[in-house]
Amino acid sequence: MFRKISFLCVILALAVSAVINAATYPGQLGVNLGGTSEAGGMFVDMAKEHHRWSRLPEGTMKFDKGGWPASDARLIMDFRLVAEWAGTIDDPEQYRYDNTGTYKCSFSGQANIKAKGATVENQSFDSKTNKTTFDLKITKKRVYCQLDFTNTKRDEKSTENTGISNLKMNKPGYPADTKQLFTDDFLNCLESANFGVVRYMNTTNTNHNDAKYPATMSWSERKLMTDSSQVSMKDFGKMQGAAWEYVIELANMTKIDPWINVPVSADKNYIRELAEQFRDNLDKELNLYVENSNEVWNGMFFQQQYNKAQAKELGINEHENYARRAVEIAKIFEEVFGEGSLNKRVRIVLCSHSPMLKWWVENYMVKYMVNTMGITPKDYIWGIARQTYFGCGDPDPDSRSIDELIDACLEDVNAQIDIPSGGQSGRKQWIEKAASWGFVGGANSYEGGFHSPAGGKRVNLDNKIQMHRVDRAKDVLKYNYDDGFFALGGNIAMHFTLQSSYARHGCWGLTDDLSNPDRNHKFQACRELLRKDKGQIALTEEDD
């Protein structure tokens, strides 16, 4: 048996209801936000969370410069569970958050509206304001919905089939004229655990928004608050997620430090404008964590191809190029925020893959900064970061029970703690190396949590989903961050993610319903780690 279980057995032998002082780490646990529309969504205006516009069967699809349809069009909003569209559902509970109710909607222009999966009521057009209003009523939880806009006219001077703009779809409970940006459920969920940092990698769609090398992304190409959606607009060709202004707005509203990801293809002026945006608008009491894209080492993501192609042209290794770029970003941010801002308010994080501390971080990144760039890494880099994921493996066949799966997860955490040989990739080794290099921020984790199920695998899927909903999920999650990281000397750990669906591709979210964060037990693990007062928690229950 592994160390933790052995310790608990000793406690059980000594006392029936033993308690110990529980370590807490206020400010050290952060969270990645999940998908913008997941588990109930972030925005009051549902139109900001969807951009699946498509042509009608008998027409063609056109867009204006803001991504609004410039022709008759169909808007698809698919709330179904994975993979209900294929006649099966991954989640054994078939849990559906409640998205029913009346949505207060409006748009500029005129159109006939036909709905599927919902009904359109009280449609009205005001010729003086060129504004159409209507109610969209959804009566069944998480169904497929579509809206067909036909005979569209942008304004009184337009011909038919010219589209609409400024569509708003305020969620149930929010009046048509509300100025509120984010839902109460989302804000309450995010603020209820006192997270120290929020990472916006998913929110800004870091993984899929870059140009193809050698093209670069200019500041004029960024997502705007006035664009038709705040998610990737693939059908329009604008791949970024939410506008940076919304990131700043949310950070200021919640008083939580933001962690941002600079697009790998962003040109120097883009980086400078981005830095100025945060300098001028971010609450002065908040710190800013800055990362060069996300997982630039990961071949699944387009940014890896971009970085590799750029490195080849520069005649260096791709990991050396990652370090070069991180320092480039650091220098620009310091120029904007002012001398002395690095490692204080502006915190550049150098991230890499957990097993590759020696091979990639030490042998390429750090040595390149020292030997080729001629700099002291700690002058530009606040800290290094890895993942703190754990899983239970994917044997096939797999008949393990939920308890056996969680036992395997605990074993995986323990196996990652101390790996002094080979790649020296243990969590202790990351922490020790960060200290030896003198990084102010030490060793951190940019993502972490359960990594099972994952990758679309369906073997023993029911149990792998349900293990996220039992009380022991809280225990293993706490152990991962406490004994498995913070107690070793780790600094910031970012859980992945706040919210998500639970399915074959992952159960990443602390919750699968923003309106009910404690439906599962994982959220409570974060609260217990983050509380400011050291309390006492029972290790055992009364023995019947």
# chains A, B, ... in the order shown; residues from 1 in each chain; ligands from 1
>>> residues_around(residues="A:Asn460", least_positions_apart="5", cutoff="8 Å", atoms="only C-alpha atoms", output="list in words")
Pro397, Asp398, Ser399 and Arg400 of chain A
>>> select_by_dssp(residues="stretch 316-373 of chain A", states="strand (DSSP E or B)", output="list in words")
Leu342, Val346, Arg347, Ile348, Val349, Leu350 and Cys351 of chain A
>>> closest_residue(among="A:Val231, A:Asp126, A:Met369, A:Glu84", to="A:His50", atoms="only C-alpha atoms")
A:Val231
>>> residues_around(residues="A:Gly426", least_positions_apart="2", cutoff="10 Å", atoms="only C-alpha atoms", output="JSON, numbers by chain")
{"A": [354, 355, 356, 357, 414, 415, 416, 417, 418, 419, 420, 421, 423, 424, 428, 429, 430, 431, 432]}
>>> write_last_selection(atoms="N, CA and C atoms", output="PDB file, in the first residue's frame")
ATOM      1  N   SER A 354       5.774  17.835 -17.924  1.00  0.00           N
ATOM      2  CA  SER A 354       6.254  17.311 -16.642  1.00  0.00           C
ATOM      3  C   SER A 354       7.450  16.362 -16.738  1.00  0.00           C
ATOM      4  N   PRO A 355       7.486  15.389 -17.676  1.00  0.00           N
ATOM      5  CA  PRO A 355       8.624  14.453 -17.704  1.00  0.00           C
ATOM      6  C   PRO A 355       9.924  15.047 -18.235  1.00  0.00           C
ATOM      7  N   MET A 356       9.890  16.297 -18.714  1.00  0.00           N
ATOM      8  CA  MET A 356      11.012  16.810 -19.501  1.00  0.00           C
ATOM      9  C   MET A 356      11.803  17.907 -18.795  1.00  0.00           C
ATOM     10  N   LEU A 357      11.844  17.882 -17.476  1.00  0.00           N
ATOM     11  CA  LEU A 357      12.579  18.903 -16.727  1.00  0.00           C
ATOM     12  C   LEU A 357      14.038  18.976 -17.159  1.00  0.00           C
ATOM     13  N   ASN A 414       1.543   9.548  -6.003  1.00  0.00           N
ATOM     14  CA  ASN A 414       2.753   9.165  -5.260  1.00  0.00           C
ATOM     15  C   ASN A 414       3.917   8.848  -6.193  1.00  0.00           C
ATOM     16  N   ALA A 415       3.614   8.233  -7.314  1.00  0.00           N
ATOM     17  CA  ALA A 415       4.674   7.851  -8.250  1.00  0.00           C
ATOM     18  C   ALA A 415       5.333   9.069  -8.889  1.00  0.00           C
ATOM     19  N   GLN A 416       4.656  10.193  -8.885  1.00  0.00           N
ATOM     20  CA  GLN A 416       5.189  11.401  -9.511  1.00  0.00           C
ATOM     21  C   GLN A 416       6.020  12.264  -8.560  1.00  0.00           C
ATOM     22  N   ILE A 417       5.980  11.995  -7.287  1.00  0.00           N
ATOM     23  CA  ILE A 417       6.574  12.919  -6.313  1.00  0.00           C
ATOM     24  C   ILE A 417       8.091  12.972  -6.400  1.00  0.00           C
ATOM     25  N   ASP A 418       8.752  11.834  -6.445  1.00  0.00           N
ATOM     26  CA  ASP A 418      10.220  11.819  -6.365  1.00  0.00           C
ATOM     27  C   ASP A 418      10.783  10.918  -7.466  1.00  0.00           C
ATOM     28  N   ILE A 419      11.346  11.529  -8.497  1.00  0.00           N
ATOM     29  CA  ILE A 419      11.964  10.793  -9.609  1.00  0.00           C
ATOM     30  C   ILE A 419      13.341  11.408  -9.843  1.00  0.00           C
ATOM     31  N   PRO A 420      14.336  11.038  -9.033  1.00  0.00           N
ATOM     32  CA  PRO A 420      15.638  11.703  -9.085  1.00  0.00           C
ATOM     33  C   PRO A 420      16.531  11.265 -10.243  1.00  0.00           C
ATOM     34  N   SER A 421      16.239  10.129 -10.869  1.00  0.00           N
ATOM     35  CA  SER A 421      17.102   9.620 -11.939  1.00  0.00           C
ATOM     36  C   SER A 421      16.509   9.940 -13.301  1.00  0.00           C
ATOM     37  N   GLY A 423      15.216  11.551 -16.337  1.00  0.00           N
ATOM     38  CA  GLY A 423      14.832  12.927 -16.638  1.00  0.00           C
ATOM     39  C   GLY A 423      14.676  13.810 -15.426  1.00  0.00           C
ATOM     40  N   GLN A 424      14.844  13.234 -14.238  1.00  0.00           N
ATOM     41  CA  GLN A 424      14.732  13.995 -12.978  1.00  0.00           C
ATOM     42  C   GLN A 424      13.413  14.767 -12.958  1.00  0.00           C
ATOM     43  N   LYS A 428       9.269  16.880  -6.761  1.00  0.00           N
ATOM     44  CA  LYS A 428      10.332  17.383  -5.877  1.00  0.00           C
ATOM     45  C   LYS A 428      11.491  17.942  -6.684  1.00  0.00           C
ATOM     46  N   GLN A 429      11.824  17.293  -7.777  1.00  0.00           N
ATOM     47  CA  GLN A 429      12.947  17.744  -8.597  1.00  0.00           C
ATOM     48  C   GLN A 429      12.637  19.082  -9.274  1.00  0.00           C
ATOM     49  N   TRP A 430      11.415  19.276  -9.732  1.00  0.00           N
ATOM     50  CA  TRP A 430      11.021  20.560 -10.305  1.00  0.00           C
ATOM     51  C   TRP A 430      11.167  21.667  -9.255  1.00  0.00           C
ATOM     52  N   ILE A 431      10.711  21.374  -8.057  1.00  0.00           N
ATOM     53  CA  ILE A 431      10.770  22.369  -6.979  1.00  0.00           C
ATOM     54  C   ILE A 431      12.216  22.688  -6.611  1.00  0.00           C
ATOM     55  N   GLU A 432      13.044  21.644  -6.526  1.00  0.00           N
ATOM     56  CA  GLU A 432      14.454  21.846  -6.178  1.00  0.00           C
ATOM     57  C   GLU A 432      15.194  22.617  -7.281  1.00  0.00           C
TER      58      GLU A 432
END
>>> closest_residue(among="A:Ile256, A:Ala454, A:Leu288, A:Ile375", to="A:Gly391", atoms="only C-alpha atoms")
A:Ala454
>>> closest_atom_pairs(of="stretch 287-343 of chain A", to="stretch 206-219 of chain A", cutoff="12 Å", atoms="only C-alpha atoms", output="Markdown table")
| residue | atom | partner | partner_atom | distance |
| --- | --- | --- | --- | --- |
| A:Glu291 | CA | A:Thr206 | CA | 10.7 |
| A:Asn292 | CA | A:Thr206 | CA | 10.0 |
| A:Ser293 | CA | A:Thr206 | CA | 6.4 |
| A:Asn294 | CA | A:Thr206 | CA | 6.7 |
| A:Glu295 | CA | A:Asn207 | CA | 8.5 |
| A:Val296 | CA | A:Asn207 | CA | 9.1 |
| A:Trp297 | CA | A:Asn207 | CA | 11.8 |
| A:Asn298 | CA | A:Asn207 | CA | 10.0 |
| A:Gly299 | CA | A:Asn207 | CA | 11.0 |
| A:Met300 | CA | A:Asn207 | CA | 9.0 |
| A:Phe301 | CA | A:Asn207 | CA | 5.8 |
| A:Phe302 | CA | A:His208 | CA | 6.3 |
| A:Gln303 | CA | A:Asn207 | CA | 6.8 |
| A:Gln304 | CA | A:Asn207 | CA | 9.5 |
| A:Gln305 | CA | A:Tyr213 | CA | 8.2 |
| A:Tyr306 | CA | A:Tyr213 | CA | 5.3 |
| A:Asn307 | CA | A:Tyr213 | CA | 8.2 |
| A:Lys308 | CA | A:Tyr213 | CA | 9.3 |
| A:Ala309 | CA | A:Tyr213 | CA | 6.7 |
| A:Gln310 | CA | A:Tyr213 | CA | 7.0 |
| A:Ala311 | CA | A:Tyr213 | CA | 10.6 |
| A:Lys312 | CA | A:Tyr213 | CA | 11.1 |
| A:Glu313 | CA | A:Pro214 | CA | 9.5 |
| A:Leu314 | CA | A:Pro214 | CA | 11.8 |
>>> write_last_selection(atoms="C-alpha atoms", output="tab-separated table (two decimals), in the first residue's frame")
chain	number	residue	atom	x	y	z
A	291	GLU	CA	2.78	32.73	-20.48
A	292	ASN	CA	4.08	32.19	-23.99
A	293	SER	CA	1.04	30.55	-25.58
A	294	ASN	CA	0.11	27.14	-24.11
A	295	GLU	CA	1.91	23.79	-24.26
A	296	VAL	CA	4.06	24.87	-27.20
A	297	TRP	CA	5.71	21.45	-26.91
A	298	ASN	CA	2.41	19.63	-27.57
A	299	GLY	CA	2.04	18.28	-31.12
A	300	MET	CA	-1.75	18.28	-30.73
A	301	PHE	CA	-1.81	22.06	-30.91
A	302	PHE	CA	-1.11	24.36	-33.82
A	303	GLN	CA	1.24	26.57	-31.81
A	304	GLN	CA	3.75	23.70	-31.64
A	305	GLN	CA	3.98	23.65	-35.44
A	306	TYR	CA	4.41	27.43	-35.53
A	307	ASN	CA	7.14	27.44	-32.87
A	308	LYS	CA	8.96	24.55	-34.53
A	309	ALA	CA	8.92	26.20	-37.96
A	310	GLN	CA	10.15	29.47	-36.49
A	311	ALA	CA	12.91	27.70	-34.59
A	312	LYS	CA	14.07	25.97	-37.75
A	313	GLU	CA	14.36	29.30	-39.56
A	314	LEU	CA	16.32	30.75	-36.62
>>> residues_around(residues="A:Gly441", least_positions_apart="5", cutoff="9 Å", atoms="only C-alpha atoms", output="PDB file with N, CA and C atoms, in the first residue's frame")
ATOM      1  N   ASN A 343       8.871  40.059 -12.129  1.00  0.00           N
ATOM      2  CA  ASN A 343       8.993  39.256 -10.907  1.00  0.00           C
ATOM      3  C   ASN A 343       8.280  39.882  -9.718  1.00  0.00           C
ATOM      4  N   ARG A 347       4.587  38.667 -13.973  1.00  0.00           N
ATOM      5  CA  ARG A 347       5.193  37.378 -13.642  1.00  0.00           C
ATOM      6  C   ARG A 347       5.204  36.467 -14.867  1.00  0.00           C
ATOM      7  N   VAL A 349       5.918  33.174 -16.734  1.00  0.00           N
ATOM      8  CA  VAL A 349       5.989  31.769 -16.330  1.00  0.00           C
ATOM      9  C   VAL A 349       6.503  30.940 -17.504  1.00  0.00           C
ATOM     10  N   ILE A 381      12.437  35.540 -15.837  1.00  0.00           N
ATOM     11  CA  ILE A 381      11.463  34.476 -15.596  1.00  0.00           C
ATOM     12  C   ILE A 381      11.099  34.440 -14.124  1.00  0.00           C
ATOM     13  N   TRP A 382       9.808  34.579 -13.831  1.00  0.00           N
ATOM     14  CA  TRP A 382       9.332  34.555 -12.442  1.00  0.00           C
ATOM     15  C   TRP A 382       9.369  33.142 -11.867  1.00  0.00           C
ATOM     16  N   GLY A 383       8.950  32.156 -12.688  1.00  0.00           N
ATOM     17  CA  GLY A 383       8.917  30.784 -12.207  1.00  0.00           C
ATOM     18  C   GLY A 383       8.734  29.803 -13.352  1.00  0.00           C
ATOM     19  N   ILE A 384       8.967  28.534 -13.047  1.00  0.00           N
ATOM     20  CA  ILE A 384       8.704  27.477 -14.014  1.00  0.00           C
ATOM     21  C   ILE A 384       7.408  26.769 -13.639  1.00  0.00           C
ATOM     22  N   ALA A 434      13.921  24.740  -9.487  1.00  0.00           N
ATOM     23  CA  ALA A 434      13.467  26.129  -9.489  1.00  0.00           C
ATOM     24  C   ALA A 434      14.191  26.932  -8.415  1.00  0.00           C
ATOM     25  N   ALA A 435      14.371  26.314  -7.260  1.00  0.00           N
ATOM     26  CA  ALA A 435      15.085  26.989  -6.173  1.00  0.00           C
ATOM     27  C   ALA A 435      16.551  27.199  -6.531  1.00  0.00           C
ATOM     28  N   ASN A 491       4.619  26.161  -5.400  1.00  0.00           N
ATOM     29  CA  ASN A 491       4.019  27.477  -5.181  1.00  0.00           C
ATOM     30  C   ASN A 491       2.568  27.516  -5.662  1.00  0.00           C
ATOM     31  N   ILE A 492       2.315  28.016  -6.879  1.00  0.00           N
ATOM     32  CA  ILE A 492       0.955  28.138  -7.407  1.00  0.00           C
ATOM     33  C   ILE A 492       0.584  26.866  -8.174  1.00  0.00           C
TER      34      ILE A 492
END
>>> residues_around(residues="A:Met225", least_positions_apart="3", cutoff="9 Å", atoms="only C-alpha atoms", output="list in words")
Ser228, Ser229, Gln230, Ala242, Ala243, Trp244, Glu245 and Tyr246 of chain A
>>> residues_around(residues="A:Tyr95", least_positions_apart="6", cutoff="12 Å", atoms="only C-alpha atoms", output="number ranges by chain")
A: 39, 80-82, 89, 141-142, 465-466, 469, 501-503, 511-513, 519-520
>>> closest_residue(among="A:Lys116, A:Arg472, A:Lys478, A:Lys378", to="A:Val413", atoms="only C-alpha atoms")
A:Lys478
